[in-house]
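Inspection log for the structure reproduced underneath, given as structure tokens.
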Amino acid sequence: MTFKSGFVNIVGKPNAGKSTLMNALVGERMAIITHKPQTTRHRIIGIVSEDDYQIVYSDTPGYVEEPSYKMHEVMNSYVESTLEDADLMLFVMDVTDTYEKDDAIIEILKKSEVPVFLIFNKVDLMEQDPLMDLMDEWAKLVDAQEVIPIAAADNLGIEFLKSRIVAILPEGEPFYPPDQLTDRPERFFVSEIIREKIMLQYGKEVPYSSDVVVEEFIETLTKKGEPLIRIRATIFVERKSQVSIIIGKGGSAIKKMGTAARKDLETWLQSKVFLDMTVKVKEKWRSDTRTLKWMGY
């Protein structure tokens with residue numbers, strides 16, 4: 001039996017639905033999803049292993065055209081690096097997106113020496129005739145080998161997309177053990193789930209000025225002998241005023257956010273979770289190279 005394997009890298013604008021697509025393709029919660037742009041900040045690997053193939057999907061941050069912080073530059077570097085190890089590029093485009101012809105992400109795709117699939121997401125938001133015209137126009141612009149319409153949030157078109165990805169994969173040996181889902185440790189996903197709740201609960205600049213570092217992750221047992229994971233996490237913000245926003249009056253806001261995070265963590269970790277969170281100020285962390293490296297960027 002012929003075995004296939006390859007790296008499939010997902011790129012596109014912020015909020016195009018890349019993370020939703022990643023989760024749908026992998027069948028697991030690998031990336032956080034919110035309605036806000038620039039939710040994804042890291043390159044996240046999701047591995048799908050079957051009897052006759054292994055696909056290593058890579059979800060990247062949305063490309064930031066005009067970086068405001070060092071963090072944005074690092075995020076863009078993740079996107080630019082996708083050309084180095086890809087066997088297939090998935091360019092995800094929201095049907096409502098607008099692009100200039102010289103957009104940086106278009107220039108990146110033009111340099112690609114591997115096939116590009118143009119993935120039109122949220123096709124349920126557009127009538128068929130204008131959608132077909134748009135697909136034809138963009139297929140020529142990015143020299144797409146295939147154009148595939150989907151609605152990732154509703155799983156529409158996902159099975160067909162999977163079949164086309166498998167069809168184009170090169171023959172090769174698996175890169176990872178068959179039971180491995182990602183190259184990221186559990187602590188990373190814990191911090192991402194907490195950050196997702198910050199993105200969802202707080203408005204204005206707070207979600208973008210904050211990040212989460214997991215200080216402790218201890219697996220133990222309750223008095224009844226049930227699995228228990230004790231997590232101590234620190235939420236870093238850039239200004240003192242943001243600390244009071246995160247905490248809220250009498251601690252109400254952070255308690256609400258922590259409850260939502262704990263419930264998702266217990267589902268994801270399949271264990272009871274004790275979650276302890278503190279909030280600290282780290283001024284201008286988004287522009288500090290040393291701090292960014294310490295935070296895992």
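All residue names refer to the structure tokens as shown: chains lettered A, B, ... in order, residues numbered from 1 in each chain, ligands numbered from 1 in order.
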Next on the checklist: Please list as a ChimeraX atom specification every residue within 12 Å of A:Glu84, counting only C-alpha atoms and excluding residues in the same chain fewer than 2 positions away.
Outcome noted: /A:7-9,77-82,86-89,108-109,111-114
Print the selection's residues with C-alpha atoms to a file, as a JSON list (two decimals), in the first residue's frame.
[["chain", "number", "residue", "atom", "x", "y", "z"],
["A", 7, "PHE", "CA", 2.89, 19.60, 5.06],
["A", 8, "VAL", "CA", -0.20, 21.67, 4.28],
["A", 9, "ASN", "CA", 0.12, 25.30, 5.32],
["A", 77, "SER", "CA", 7.61, 35.86, 9.90],
["A", 78, "TYR", "CA", 5.54, 32.74, 10.65],
["A", 79, "VAL", "CA", 3.55, 33.37, 7.47],
["A", 80, "GLU", "CA", 6.65, 34.01, 5.37],
["A", 81, "SER", "CA", 8.28, 30.82, 6.65],
["A", 82, "THR", "CA", 5.40, 28.67, 5.39],
["A", 86, "ALA", "CA", 5.06, 23.36, 2.38],
["A", 87, "ASP", "CA", 3.91, 20.62, 0.03],
["A", 88, "LEU", "CA", 0.62, 22.47, -0.45],
["A", 89, "MET", "CA", -0.58, 25.97, 0.40],
["A", 108, "ILE", "CA", 4.16, 35.51, -0.94],
["A", 109, "LEU", "CA", 1.89, 33.10, -2.82],
["A", 111, "LYS", "CA", 6.76, 32.95, -4.89],
["A", 112, "SER", "CA", 5.38, 29.55, -3.95],
["A", 113, "GLU", "CA", 6.90, 26.63, -5.84],
["A", 114, "VAL", "CA", 4.24, 24.23, -4.53]]
Determine which residues of stretch 127-180 of chain A DSSP labels as helix (DSSP H, G or I) from the backbone of this structure, then write them out as a tab-separated table (two decimals) with N, CA and C atoms, in the first residue's frame.
chain	number	residue	atom	x	y	z
A	128	GLN	N	-24.58	32.78	-5.93
A	128	GLN	CA	-23.72	31.88	-6.71
A	128	GLN	C	-23.04	32.57	-7.90
A	129	ASP	N	-23.76	33.38	-8.66
A	129	ASP	CA	-23.16	33.98	-9.87
A	129	ASP	C	-21.99	34.92	-9.55
A	130	PRO	N	-22.18	35.89	-8.64
A	130	PRO	CA	-21.01	36.73	-8.29
A	130	PRO	C	-19.89	35.94	-7.63
A	131	LEU	N	-20.24	34.87	-6.91
A	131	LEU	CA	-19.22	34.02	-6.29
A	131	LEU	C	-18.37	33.35	-7.36
A	132	MET	N	-18.99	32.81	-8.41
A	132	MET	CA	-18.25	32.15	-9.48
A	132	MET	C	-17.32	33.14	-10.19
A	133	ASP	N	-17.80	34.36	-10.41
A	133	ASP	CA	-16.95	35.37	-11.05
A	133	ASP	C	-15.74	35.70	-10.18
A	134	LEU	N	-15.98	35.84	-8.88
A	134	LEU	CA	-14.90	36.15	-7.94
A	134	LEU	C	-13.87	35.02	-7.89
A	135	MET	N	-14.35	33.79	-7.89
A	135	MET	CA	-13.46	32.63	-7.85
A	135	MET	C	-12.58	32.58	-9.09
A	136	ASP	N	-13.17	32.85	-10.25
A	136	ASP	CA	-12.40	32.84	-11.51
A	136	ASP	C	-11.31	33.91	-11.48
A	137	GLU	N	-11.68	35.11	-11.03
A	137	GLU	CA	-10.73	36.22	-10.99
A	137	GLU	C	-9.54	35.91	-10.10
A	138	TRP	N	-9.81	35.38	-8.91
A	138	TRP	CA	-8.73	35.13	-7.96
A	138	TRP	C	-7.91	33.89	-8.28
A	139	ALA	N	-8.51	32.94	-8.94
A	139	ALA	CA	-7.77	31.75	-9.37
A	139	ALA	C	-6.63	32.13	-10.31
A	140	LYS	N	-6.90	33.11	-11.19
A	140	LYS	CA	-5.87	33.58	-12.12
A	140	LYS	C	-4.81	34.40	-11.39
A	141	LEU	N	-5.25	35.21	-10.43
A	141	LEU	CA	-4.32	36.11	-9.75
A	141	LEU	C	-3.28	35.36	-8.94
A	152	ALA	N	-16.56	26.83	6.52
A	152	ALA	CA	-15.87	26.02	7.53
A	152	ALA	C	-16.67	25.90	8.83
A	153	ALA	N	-17.35	26.96	9.23
A	153	ALA	CA	-18.10	26.94	10.48
A	153	ALA	C	-19.23	25.92	10.45
A	154	ASP	N	-19.75	25.62	9.24
A	154	ASP	CA	-20.84	24.65	9.08
A	154	ASP	C	-20.35	23.32	8.52
A	158	ILE	N	-15.91	20.53	3.58
A	158	ILE	CA	-14.68	20.09	4.24
A	158	ILE	C	-14.25	18.70	3.79
A	159	GLU	N	-15.20	17.76	3.67
A	159	GLU	CA	-14.85	16.41	3.26
A	159	GLU	C	-14.29	16.39	1.83
A	160	PHE	N	-14.86	17.20	0.95
A	160	PHE	CA	-14.34	17.28	-0.42
A	160	PHE	C	-12.93	17.86	-0.41
A	161	LEU	N	-12.72	18.91	0.39
A	161	LEU	CA	-11.39	19.52	0.49
A	161	LEU	C	-10.38	18.49	1.00
A	162	LYS	N	-10.75	17.72	2.00
A	162	LYS	CA	-9.85	16.68	2.53
A	162	LYS	C	-9.44	15.72	1.43
A	163	SER	N	-10.41	15.30	0.62
A	163	SER	CA	-10.11	14.33	-0.44
A	163	SER	C	-9.15	14.90	-1.48
A	164	ARG	N	-9.28	16.21	-1.78
A	164	ARG	CA	-8.40	16.83	-2.75
A	164	ARG	C	-6.99	17.00	-2.17
A	165	ILE	N	-6.90	17.27	-0.89
A	165	ILE	CA	-5.59	17.38	-0.25
A	165	ILE	C	-4.86	16.04	-0.28
A	166	VAL	N	-5.56	14.98	0.08
A	166	VAL	CA	-4.94	13.64	0.07
A	166	VAL	C	-4.50	13.28	-1.35
A	167	ALA	N	-5.30	13.64	-2.33
A	167	ALA	CA	-4.98	13.29	-3.72
A	167	ALA	C	-3.68	13.91	-4.19
A	168	ILE	N	-3.37	15.12	-3.68
A	168	ILE	CA	-2.19	15.84	-4.16
A	168	ILE	C	-0.95	15.58	-3.33
Next on the checklist: From the options A:Thr98, A:Thr20, A:Ser252, A:Gln270, which residue's atoms come nearest to A:Ile150, counting only C-alpha atoms?
Outcome noted: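 Closest candidate: A:Thr20.
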Spatial neighbours of stretch 197-212 of chain A, 6 Å, only C-alpha atoms, chain gap at least 3 places, as a tab-separated table (two decimals) with N, CA and C atoms, in the first residue's frame:
chain	number	residue	atom	x	y	z
A	191	SER	N	-2.80	28.15	27.79
A	191	SER	CA	-2.68	29.61	27.67
A	191	SER	C	-3.56	30.14	26.55
A	194	ILE	N	-7.26	30.24	27.72
A	194	ILE	CA	-7.49	31.39	28.60
A	194	ILE	C	-7.51	32.68	27.79
A	234	THR	N	-0.49	33.48	34.62
A	234	THR	CA	-0.37	34.93	34.76
A	234	THR	C	-0.82	35.60	33.48
A	235	ILE	N	-1.71	36.57	33.63
A	235	ILE	CA	-2.16	37.39	32.51
A	235	ILE	C	-1.34	38.67	32.52
A	236	PHE	N	-0.60	38.91	31.46
A	236	PHE	CA	0.20	40.13	31.36
A	236	PHE	C	-0.52	41.16	30.50
A	237	VAL	N	-0.55	42.40	31.00
A	237	VAL	CA	-1.12	43.52	30.27
A	237	VAL	C	-0.07	44.63	30.21
A	238	GLU	N	-0.35	45.67	29.45
A	238	GLU	CA	0.66	46.71	29.25
A	238	GLU	C	0.51	47.91	30.18
Checklist entry - Which residues, written as a PyMOL selection string, have at least one atom at most 10 Å from A:Phe189, with only C-alpha atoms counted and residues fewer than 4 positions away on the same chain left out? => result chain A and resi 29-32+44+184-185+193-195+214+265+268-269
Write the residues of the selection above to a file with N, CA and C atoms, as a short mmCIF file (atom, residue, chain, number, x, y, z; two decimals), in the first residue's frame.
data_model
loop_
_atom_site.label_atom_id
_atom_site.label_comp_id
_atom_site.auth_asym_id
_atom_site.auth_seq_id
_atom_site.Cartn_x
_atom_site.Cartn_y
_atom_site.Cartn_z
N ARG A 29 -9.85 20.55 18.58
CA ARG A 29 -9.70 21.98 18.84
C ARG A 29 -8.22 22.30 18.95
N MET A 30 -7.66 22.80 17.85
CA MET A 30 -6.24 23.13 17.82
C MET A 30 -5.99 24.63 17.94
N ALA A 31 -6.91 25.43 17.44
CA ALA A 31 -6.72 26.88 17.41
C ALA A 31 -7.94 27.56 17.99
N ILE A 32 -7.72 28.69 18.67
CA ILE A 32 -8.82 29.43 19.26
C ILE A 32 -9.54 30.23 18.19
N ILE A 44 0.61 27.09 14.50
CA ILE A 44 0.12 25.94 15.25
C ILE A 44 0.04 24.73 14.32
N ARG A 184 2.95 21.06 19.92
CA ARG A 184 2.88 22.00 21.04
C ARG A 184 2.58 21.27 22.35
N PRO A 185 3.16 21.73 23.47
CA PRO A 185 2.87 21.12 24.77
C PRO A 185 1.49 21.55 25.28
N ILE A 193 -6.44 28.82 25.46
CA ILE A 193 -7.84 28.77 25.87
C ILE A 193 -8.17 29.93 26.80
N ILE A 194 -7.26 30.24 27.72
CA ILE A 194 -7.49 31.39 28.60
C ILE A 194 -7.51 32.68 27.79
N ARG A 195 -6.58 32.79 26.83
CA ARG A 195 -6.52 34.01 26.00
C ARG A 195 -7.78 34.14 25.14
N VAL A 214 1.57 30.28 31.34
CA VAL A 214 1.26 29.24 32.33
C VAL A 214 2.49 29.00 33.17
N LEU A 265 -11.26 24.05 29.71
CA LEU A 265 -10.04 23.29 30.04
C LEU A 265 -10.38 21.89 30.52
N TRP A 268 -11.27 19.87 27.51
CA TRP A 268 -10.12 19.59 26.66
C TRP A 268 -9.14 18.63 27.33
N LEU A 269 -8.92 18.78 28.63
CA LEU A 269 -7.96 17.96 29.35
C LEU A 269 -8.57 16.68 29.92
#
Next on the checklist: Rounded to one decimal, what separation in Å do you get between atom CA of A:Val190 and atom CA of A:Glu66?
Outcome noted: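 Going from atom CA of A:Val190 over to atom CA of A:Glu66, I get 29.6 Å.
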Next on the checklist: Need to verify the contact set: A:Val147, 8 Å, only C-alpha atoms, exclusion of same-chain residues closer than 3 positions in sequence. Can you return it as a VMD selection string?
Outcome noted: chain A and resid 117 to 120 135 139 144
Checklist entry - What does the distance between atom CA of A:Phe3 and atom CA of A:Glu146 come to in Å, to one decimal place? => result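 Straight-line distance from atom CA of A:Phe3 to atom CA of A:Glu146 works out to 22.8 Å.
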Next on the checklist: Given only C-alpha atoms as the basis, pick out the residue of A:Lys272, A:Tyr69, A:Thr222, A:Arg232 nearest to A:Asp288.
Outcome noted: A:Tyr69
Next on the checklist: What's around A:Tyr297 at 9 Å? Count only C-alpha atoms, leave out sequence neighbours fewer than 2 positions away in its own chain, and write the answer as a PyMOL selection string.
Outcome noted: chain A and resi 41-42+71+74-75+289+291-295
Can I get the selected residues back with N, CA and C atoms, as a PDB file, in the first residue's frame?
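Below you can see again01.pdb, which holds the result:
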ATOM      1  N   ARG A  41      -1.871  34.074  17.051  1.00  0.00           N
ATOM      2  CA  ARG A  41      -0.583  34.783  17.112  1.00  0.00           C
ATOM      3  C   ARG A  41       0.599  33.864  16.839  1.00  0.00           C
ATOM      4  N   HIS A  42       0.385  32.563  16.836  1.00  0.00           N
ATOM      5  CA  HIS A  42       1.472  31.609  16.687  1.00  0.00           C
ATOM      6  C   HIS A  42       1.208  30.692  15.496  1.00  0.00           C
ATOM      7  N   MET A  71       5.771  42.212  17.896  1.00  0.00           N
ATOM      8  CA  MET A  71       4.967  40.992  17.880  1.00  0.00           C
ATOM      9  C   MET A  71       4.366  40.762  16.496  1.00  0.00           C
ATOM     10  N   VAL A  74       6.952  39.365  14.173  1.00  0.00           N
ATOM     11  CA  VAL A  74       7.171  37.935  14.430  1.00  0.00           C
ATOM     12  C   VAL A  74       6.039  37.115  13.813  1.00  0.00           C
ATOM     13  N   MET A  75       4.797  37.583  13.992  1.00  0.00           N
ATOM     14  CA  MET A  75       3.650  36.894  13.407  1.00  0.00           C
ATOM     15  C   MET A  75       3.782  36.806  11.895  1.00  0.00           C
ATOM     16  N   THR A 289      11.770  42.396  22.381  1.00  0.00           N
ATOM     17  CA  THR A 289      12.203  41.123  21.798  1.00  0.00           C
ATOM     18  C   THR A 289      12.440  40.055  22.857  1.00  0.00           C
ATOM     19  N   THR A 291      11.175  39.774  25.915  1.00  0.00           N
ATOM     20  CA  THR A 291       9.912  39.339  26.516  1.00  0.00           C
ATOM     21  C   THR A 291       9.126  38.458  25.555  1.00  0.00           C
ATOM     22  N   LEU A 292       9.118  38.815  24.283  1.00  0.00           N
ATOM     23  CA  LEU A 292       8.408  38.010  23.295  1.00  0.00           C
ATOM     24  C   LEU A 292       8.973  36.592  23.219  1.00  0.00           C
ATOM     25  N   LYS A 293      10.296  36.480  23.249  1.00  0.00           N
ATOM     26  CA  LYS A 293      10.917  35.149  23.235  1.00  0.00           C
ATOM     27  C   LYS A 293      10.547  34.357  24.490  1.00  0.00           C
ATOM     28  N   TRP A 294      10.535  35.040  25.639  1.00  0.00           N
ATOM     29  CA  TRP A 294      10.166  34.377  26.887  1.00  0.00           C
ATOM     30  C   TRP A 294       8.722  33.892  26.856  1.00  0.00           C
ATOM     31  N   MET A 295       7.872  34.637  26.148  1.00  0.00           N
ATOM     32  CA  MET A 295       6.468  34.258  26.029  1.00  0.00           C
ATOM     33  C   MET A 295       6.220  33.217  24.950  1.00  0.00           C
TER      34      MET A 295
END
Checklist entry - Could you pull out the strand (DSSP E) residues of stretch 128-265 of chain A from DSSP and send them as an NGL selection string? => result :A and (146-149 or 211-221 or 227-237)
What does the file look like for those residues with C-alpha atoms, as an mmCIF file, in the first residue's frame?
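Listed below is the output, result17.cif:
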data_model
loop_
_atom_site.group_PDB
_atom_site.id
_atom_site.type_symbol
_atom_site.label_atom_id
_atom_site.label_comp_id
_atom_site.auth_asym_id
_atom_site.auth_seq_id
_atom_site.Cartn_x
_atom_site.Cartn_y
_atom_site.Cartn_z
ATOM 1 C CA GLU A 146 -7.807 24.290 -7.471
ATOM 2 C CA VAL A 147 -10.536 26.608 -6.204
ATOM 3 C CA ILE A 148 -12.725 25.121 -3.493
ATOM 4 C CA PRO A 149 -15.752 26.853 -1.903
ATOM 5 C CA ASP A 211 -1.100 37.541 26.843
ATOM 6 C CA VAL A 212 -1.062 34.496 29.094
ATOM 7 C CA VAL A 213 1.858 32.544 30.545
ATOM 8 C CA VAL A 214 1.256 29.238 32.327
ATOM 9 C CA GLU A 215 3.547 29.214 35.369
ATOM 10 C CA GLU A 216 2.530 25.820 36.791
ATOM 11 C CA PHE A 217 0.813 22.738 35.374
ATOM 12 C CA ILE A 218 0.661 20.004 38.003
ATOM 13 C CA GLU A 219 -1.183 16.701 37.582
ATOM 14 C CA THR A 220 -2.407 15.267 40.864
ATOM 15 C CA LEU A 221 -5.438 13.572 42.437
ATOM 16 C CA PRO A 227 -7.541 13.239 38.289
ATOM 17 C CA LEU A 228 -6.953 16.909 39.081
ATOM 18 C CA ILE A 229 -4.774 19.415 37.237
ATOM 19 C CA ARG A 230 -3.644 22.504 39.111
ATOM 20 C CA ILE A 231 -2.895 25.390 36.787
ATOM 21 C CA ARG A 232 -1.359 28.702 37.777
ATOM 22 C CA ALA A 233 -1.415 31.289 35.010
ATOM 23 C CA THR A 234 -0.366 34.926 34.764
ATOM 24 C CA ILE A 235 -2.156 37.386 32.506
ATOM 25 C CA PHE A 236 0.205 40.129 31.356
ATOM 26 C CA VAL A 237 -1.120 43.519 30.268
#
Item to check | Closest of A:Asp143, A:Lys13, A:Thr182, A:Thr39 to A:Ala104 - atom-to-atom distances counting only C-alpha atoms | outcome: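 The closest residue to A:Ala104 is A:Lys13.
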Next on the checklist: With distances taken over only C-alpha atoms, which residue among A:Asn121, A:Ser49, A:Gln54, A:Thr40 lies nearest A:Gly172?
Outcome noted: A:Gln54
Item to check | Atom-to-atom span, atom CA of A:Lys122 and atom CA of A:Ala151, Å | outcome: 4.5 Å
